[in-house]
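Listing of my_file_11.tsv, TSV, N, CA, C and O atoms
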chain	number	residue	atom	x	y	z
A	1	MET	N	-17.90	-25.65	141.83
A	1	MET	CA	-18.40	-24.67	142.77
A	1	MET	C	-19.93	-24.59	142.67
A	1	MET	O	-20.49	-24.63	141.59
A	2	ILE	N	-20.57	-24.47	143.79
A	2	ILE	CA	-22.01	-24.35	143.85
A	2	ILE	C	-22.40	-22.92	143.50
A	2	ILE	O	-21.80	-21.97	143.98
A	3	GLN	N	-23.41	-22.78	142.67
A	3	GLN	CA	-23.94	-21.47	142.30
A	3	GLN	C	-25.44	-21.45	142.58
A	3	GLN	O	-26.17	-22.32	142.11
A	4	TYR	N	-25.87	-20.47	143.31
A	4	TYR	CA	-27.29	-20.33	143.62
A	4	TYR	C	-27.95	-19.22	142.81
A	4	TYR	O	-29.04	-18.76	143.15
A	5	SER	N	-27.34	-18.81	141.72
A	5	SER	CA	-27.91	-17.72	140.92
A	5	SER	C	-29.32	-18.04	140.41
A	5	SER	O	-30.15	-17.13	140.35
A	6	PRO	N	-29.64	-19.30	140.05
A	6	PRO	CA	-31.04	-19.57	139.66
A	6	PRO	C	-32.03	-19.30	140.80
A	6	PRO	O	-33.14	-18.85	140.56
A	7	LEU	N	-31.60	-19.57	142.03
A	7	LEU	CA	-32.45	-19.29	143.18
A	7	LEU	C	-32.71	-17.80	143.29
A	7	LEU	O	-33.84	-17.37	143.46
A	8	TRP	N	-31.67	-16.98	143.18
A	8	TRP	CA	-31.82	-15.53	143.30
A	8	TRP	C	-32.68	-14.98	142.16
A	8	TRP	O	-33.48	-14.09	142.36
A	9	LYS	N	-32.55	-15.55	140.97
A	9	LYS	CA	-33.36	-15.12	139.82
A	9	LYS	C	-34.83	-15.44	140.08
A	9	LYS	O	-35.71	-14.60	139.88
A	10	THR	N	-35.10	-16.66	140.54
A	10	THR	CA	-36.48	-17.06	140.85
A	10	THR	C	-37.06	-16.19	141.95
A	10	THR	O	-38.20	-15.74	141.86
A	11	MET	N	-36.26	-15.95	142.98
A	11	MET	CA	-36.73	-15.10	144.07
A	11	MET	C	-37.04	-13.69	143.56
A	11	MET	O	-38.06	-13.11	143.93
A	12	SER	N	-36.20	-13.17	142.73
A	12	SER	CA	-36.42	-11.84	142.17
A	12	SER	C	-37.69	-11.81	141.33
A	12	SER	O	-38.51	-10.89	141.45
A	13	ASP	N	-37.87	-12.80	140.49
A	13	ASP	CA	-39.07	-12.88	139.65
A	13	ASP	C	-40.34	-12.95	140.48
A	13	ASP	O	-41.37	-12.38	140.10
A	14	LYS	N	-40.27	-13.64	141.62
A	14	LYS	CA	-41.44	-13.80	142.48
A	14	LYS	C	-41.49	-12.76	143.59
A	14	LYS	O	-42.35	-12.82	144.47
A	15	ARG	N	-40.55	-11.83	143.56
A	15	ARG	CA	-40.46	-10.75	144.55
A	15	ARG	C	-40.38	-11.27	145.98
A	15	ARG	O	-41.07	-10.81	146.89
A	16	VAL	N	-39.53	-12.27	146.15
A	16	VAL	CA	-39.25	-12.84	147.47
A	16	VAL	C	-37.87	-12.35	147.87
A	16	VAL	O	-36.93	-12.39	147.09
A	17	THR	N	-37.75	-11.86	149.08
A	17	THR	CA	-36.47	-11.34	149.57
A	17	THR	C	-35.85	-12.30	150.58
A	17	THR	O	-36.50	-13.24	151.04
A	18	THR	N	-34.62	-12.03	150.94
A	18	THR	CA	-33.98	-12.84	151.97
A	18	THR	C	-34.69	-12.64	153.31
A	18	THR	O	-34.76	-13.56	154.11
A	19	TYR	N	-35.26	-11.47	153.51
A	19	TYR	CA	-36.06	-11.22	154.72
A	19	TYR	C	-37.24	-12.19	154.76
A	19	TYR	O	-37.55	-12.76	155.80
A	20	THR	N	-37.89	-12.38	153.61
A	20	THR	CA	-39.01	-13.31	153.51
A	20	THR	C	-38.58	-14.72	153.86
A	20	THR	O	-39.28	-15.43	154.57
A	21	LEU	N	-37.41	-15.12	153.34
A	21	LEU	CA	-36.90	-16.47	153.66
A	21	LEU	C	-36.73	-16.64	155.16
A	21	LEU	O	-37.08	-17.68	155.72
A	22	ARG	N	-36.19	-15.61	155.79
A	22	ARG	CA	-35.92	-15.71	157.23
A	22	ARG	C	-37.20	-15.61	158.06
A	22	ARG	O	-37.44	-16.45	158.93
A	23	GLU	N	-38.00	-14.60	157.80
A	23	GLU	CA	-39.14	-14.32	158.68
A	23	GLU	C	-40.37	-15.17	158.38
A	23	GLU	O	-41.03	-15.64	159.29
A	24	LYS	N	-40.70	-15.36	157.13
A	24	LYS	CA	-41.92	-16.09	156.79
A	24	LYS	C	-41.69	-17.59	156.65
A	24	LYS	O	-42.59	-18.38	156.85
A	25	HIS	N	-40.48	-17.98	156.25
A	25	HIS	CA	-40.22	-19.39	155.99
A	25	HIS	C	-39.28	-20.02	157.01
A	25	HIS	O	-38.90	-21.17	156.87
A	26	GLY	N	-38.87	-19.25	158.02
A	26	GLY	CA	-38.12	-19.80	159.13
A	26	GLY	C	-36.68	-20.20	158.84
A	26	GLY	O	-36.10	-20.98	159.59
A	27	MET	N	-36.10	-19.67	157.78
A	27	MET	CA	-34.71	-20.00	157.47
A	27	MET	C	-33.79	-19.13	158.34
A	27	MET	O	-34.05	-17.95	158.54
A	28	SER	N	-32.75	-19.73	158.84
A	28	SER	CA	-31.85	-18.98	159.72
A	28	SER	C	-31.01	-17.98	158.92
A	28	SER	O	-30.78	-18.14	157.71
A	29	HIS	N	-30.57	-16.96	159.61
A	29	HIS	CA	-29.72	-15.94	159.00
A	29	HIS	C	-28.44	-16.58	158.46
A	29	HIS	O	-27.97	-16.25	157.37
A	30	ALA	N	-27.89	-17.52	159.21
A	30	ALA	CA	-26.65	-18.19	158.80
A	30	ALA	C	-26.84	-18.96	157.49
A	30	ALA	O	-25.97	-18.95	156.62
A	31	THR	N	-27.98	-19.61	157.33
A	31	THR	CA	-28.25	-20.35	156.10
A	31	THR	C	-28.38	-19.41	154.92
A	31	THR	O	-27.85	-19.69	153.84
A	32	VAL	N	-29.07	-18.31	155.10
A	32	VAL	CA	-29.20	-17.31	154.03
A	32	VAL	C	-27.83	-16.80	153.63
A	32	VAL	O	-27.52	-16.67	152.45
A	33	GLN	N	-26.98	-16.55	154.61
A	33	GLN	CA	-25.62	-16.09	154.31
A	33	GLN	C	-24.84	-17.16	153.53
A	33	GLN	O	-24.10	-16.82	152.61
A	34	ARG	N	-25.01	-18.41	153.89
A	34	ARG	CA	-24.31	-19.48	153.16
A	34	ARG	C	-24.77	-19.51	151.71
A	34	ARG	O	-23.98	-19.71	150.80
A	35	LEU	N	-26.06	-19.33	151.48
A	35	LEU	CA	-26.58	-19.27	150.11
A	35	LEU	C	-26.00	-18.08	149.36
A	35	LEU	O	-25.57	-18.20	148.21
A	36	GLN	N	-25.95	-16.94	150.02
A	36	GLN	CA	-25.43	-15.74	149.38
A	36	GLN	C	-23.95	-15.88	149.02
A	36	GLN	O	-23.50	-15.30	148.05
A	37	ARG	N	-23.24	-16.67	149.79
A	37	ARG	CA	-21.80	-16.87	149.56
A	37	ARG	C	-21.51	-18.11	148.71
A	37	ARG	O	-20.36	-18.51	148.57
A	38	ASN	N	-22.58	-18.73	148.17
A	38	ASN	CA	-22.45	-19.93	147.35
A	38	ASN	C	-21.74	-21.06	148.08
A	38	ASN	O	-20.95	-21.81	147.48
A	39	MET	N	-22.03	-21.19	149.36
A	39	MET	CA	-21.47	-22.27	150.16
A	39	MET	C	-22.45	-23.44	150.20
A	39	MET	O	-23.62	-23.31	149.82
A	40	HIS	N	-21.97	-24.59	150.68
A	40	HIS	CA	-22.79	-25.80	150.75
A	40	HIS	C	-23.97	-25.60	151.69
A	40	HIS	O	-23.83	-25.11	152.80
A	41	VAL	N	-25.15	-26.01	151.20
A	41	VAL	CA	-26.36	-26.07	152.00
A	41	VAL	C	-27.01	-27.40	151.67
A	41	VAL	O	-27.08	-27.79	150.51
A	42	SER	N	-27.47	-28.11	152.66
A	42	SER	CA	-28.02	-29.45	152.43
A	42	SER	C	-29.31	-29.39	151.62
A	42	SER	O	-30.04	-28.39	151.63
A	43	THR	N	-29.59	-30.48	150.93
A	43	THR	CA	-30.83	-30.57	150.18
A	43	THR	C	-32.04	-30.58	151.13
A	43	THR	O	-33.12	-30.15	150.75
A	44	PHE	N	-31.82	-31.04	152.34
A	44	PHE	CA	-32.86	-31.00	153.36
A	44	PHE	C	-33.28	-29.55	153.62
A	44	PHE	O	-34.45	-29.27	153.90
A	45	THR	N	-32.34	-28.62	153.53
A	45	THR	CA	-32.61	-27.21	153.73
A	45	THR	C	-33.19	-26.57	152.47
A	45	THR	O	-34.10	-25.74	152.54
A	46	LEU	N	-32.70	-26.96	151.31
A	46	LEU	CA	-33.14	-26.36	150.05
A	46	LEU	C	-34.52	-26.80	149.60
A	46	LEU	O	-35.26	-26.02	149.00
A	47	ALA	N	-34.90	-28.03	149.87
A	47	ALA	CA	-36.18	-28.56	149.39
A	47	ALA	C	-37.38	-27.71	149.83
A	47	ALA	O	-38.21	-27.36	148.98
A	48	PRO	N	-37.49	-27.33	151.10
A	48	PRO	CA	-38.64	-26.50	151.50
A	48	PRO	C	-38.63	-25.13	150.80
A	48	PRO	O	-39.69	-24.61	150.47
A	49	VAL	N	-37.47	-24.57	150.57
A	49	VAL	CA	-37.38	-23.29	149.88
A	49	VAL	C	-37.90	-23.44	148.46
A	49	VAL	O	-38.71	-22.62	147.99
A	50	CYS	N	-37.47	-24.47	147.79
A	50	CYS	CA	-37.93	-24.73	146.42
A	50	CYS	C	-39.43	-24.95	146.38
A	50	CYS	O	-40.12	-24.47	145.48
A	51	GLU	N	-39.94	-25.68	147.36
A	51	GLU	CA	-41.38	-25.92	147.42
A	51	GLU	C	-42.14	-24.61	147.62
A	51	GLU	O	-43.16	-24.37	146.97
A	52	LYS	N	-41.64	-23.75	148.49
A	52	LYS	CA	-42.29	-22.47	148.73
A	52	LYS	C	-42.28	-21.60	147.47
A	52	LYS	O	-43.20	-20.85	147.22
A	53	LEU	N	-41.22	-21.71	146.69
A	53	LEU	CA	-41.11	-20.92	145.46
A	53	LEU	C	-41.73	-21.63	144.27
A	53	LEU	O	-41.65	-21.16	143.15
A	54	SER	N	-42.34	-22.80	144.51
A	54	SER	CA	-43.00	-23.59	143.48
A	54	SER	C	-42.04	-24.01	142.37
A	54	SER	O	-42.40	-24.06	141.20
A	55	VAL	N	-40.82	-24.35	142.72
A	55	VAL	CA	-39.84	-24.79	141.75
A	55	VAL	C	-40.13	-26.22	141.32
A	55	VAL	O	-39.97	-26.57	140.16
A	56	PHE	N	-40.58	-27.07	142.24
A	56	PHE	CA	-40.84	-28.45	141.94
A	56	PHE	C	-42.15	-28.66	141.20
A	56	PHE	O	-42.34	-29.64	140.53
A	57	SER	N	-43.07	-27.75	141.37
A	57	SER	CA	-44.39	-27.96	140.75
A	57	SER	C	-44.64	-27.02	139.61
A	57	SER	O	-43.90	-26.19	139.26
What does the file become when written as structure tokens?
Amino acid sequence: MIQYSPLWKTMSDKRVTTYTLREKHGMSHATVQRLQRNMHVSTFTLAPVCEKLSVFS
């Protein structure tokens, strides 16, 4: 099963909300819901989020 808990922890640490993902980073509401429900999201979708949160660097 996919778990996005590290994403939520990082977002919390950096004070980024799901609203920020949607409004500032252009992520769709449906994608945010899929993440919240630990459903499959493509790496094409996750990579920009990680870059914005400076996970890769």
Compile the contact shell of Leu35 (chain A) as a compact mmCIF listing (two decimals) with N, CA, C and O atoms, keeping the file's coordinate frame: residues with an atom at most 7 Å away, counting only N, CA, C and O atoms, same-chain residues fewer than 5 positions apart removed.
# COMPACT_ATOMS: atom_id res chain seq x y z
N ILE A 2 -20.57 -24.47 143.79
CA ILE A 2 -22.01 -24.35 143.85
C ILE A 2 -22.40 -22.92 143.50
O ILE A 2 -21.80 -21.97 143.98
N GLN A 3 -23.41 -22.78 142.67
CA GLN A 3 -23.94 -21.47 142.30
C GLN A 3 -25.44 -21.45 142.58
O GLN A 3 -26.17 -22.32 142.11
N TYR A 4 -25.87 -20.47 143.31
CA TYR A 4 -27.29 -20.33 143.62
C TYR A 4 -27.95 -19.22 142.81
O TYR A 4 -29.04 -18.76 143.15
N SER A 5 -27.34 -18.81 141.72
CA SER A 5 -27.91 -17.72 140.92
C SER A 5 -29.32 -18.04 140.41
O SER A 5 -30.15 -17.13 140.35
N HIS A 29 -30.57 -16.96 159.61
CA HIS A 29 -29.72 -15.94 159.00
C HIS A 29 -28.44 -16.58 158.46
O HIS A 29 -27.97 -16.25 157.37
N ALA A 30 -27.89 -17.52 159.21
CA ALA A 30 -26.65 -18.19 158.80
C ALA A 30 -26.84 -18.96 157.49
O ALA A 30 -25.97 -18.95 156.62
N HIS A 40 -21.97 -24.59 150.68
CA HIS A 40 -22.79 -25.80 150.75
C HIS A 40 -23.97 -25.60 151.69
O HIS A 40 -23.83 -25.11 152.80
N VAL A 41 -25.15 -26.01 151.20
CA VAL A 41 -26.36 -26.07 152.00
C VAL A 41 -27.01 -27.40 151.67
O VAL A 41 -27.08 -27.79 150.51
Every residue of chain A that DSSP places in alpha helix (DSSP H), as a PyMOL selection string:
chain A and resi 5-13+18-23+29-36+43-52
If I take atom C of Arg15 (chain A) and CA of Met1 (chain A), how far is one from the other in Å, to one decimal?
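Going from atom C of Arg15 (chain A) over to CA of Met1 (chain A) covers 25.9 Å.
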Please return, as a list in words, all polymer residues that have at least one atom within 8 Å of the point (-34.6, -23.5, 144.2); use all atoms listed in the file and the file's own coordinate frame.
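Within the cut-off we find Tyr4, Pro6, Leu7, Trp8, Thr10, Met11, Leu46, Ala47, Pro48, Val49, Cys50, Glu51, Leu53, Ser54, Val55 and Phe56 of chain A.
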Tell me, in Å to one decimal, how far atom O of Phe44 (chain A) is from atom O of Leu21 (chain A).
12.0 Å
Mind listing as an NGL selection string all residues within 12 Å of (-35.7, -15.6, 154.9), counting only C-alpha atoms?
:A and (11 or 16-33 or 35-36 or 48-49 or 52)
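Going from CA of Asn38 (chain A) to atom N of Ser12 (chain A) covers 16.0 Å.
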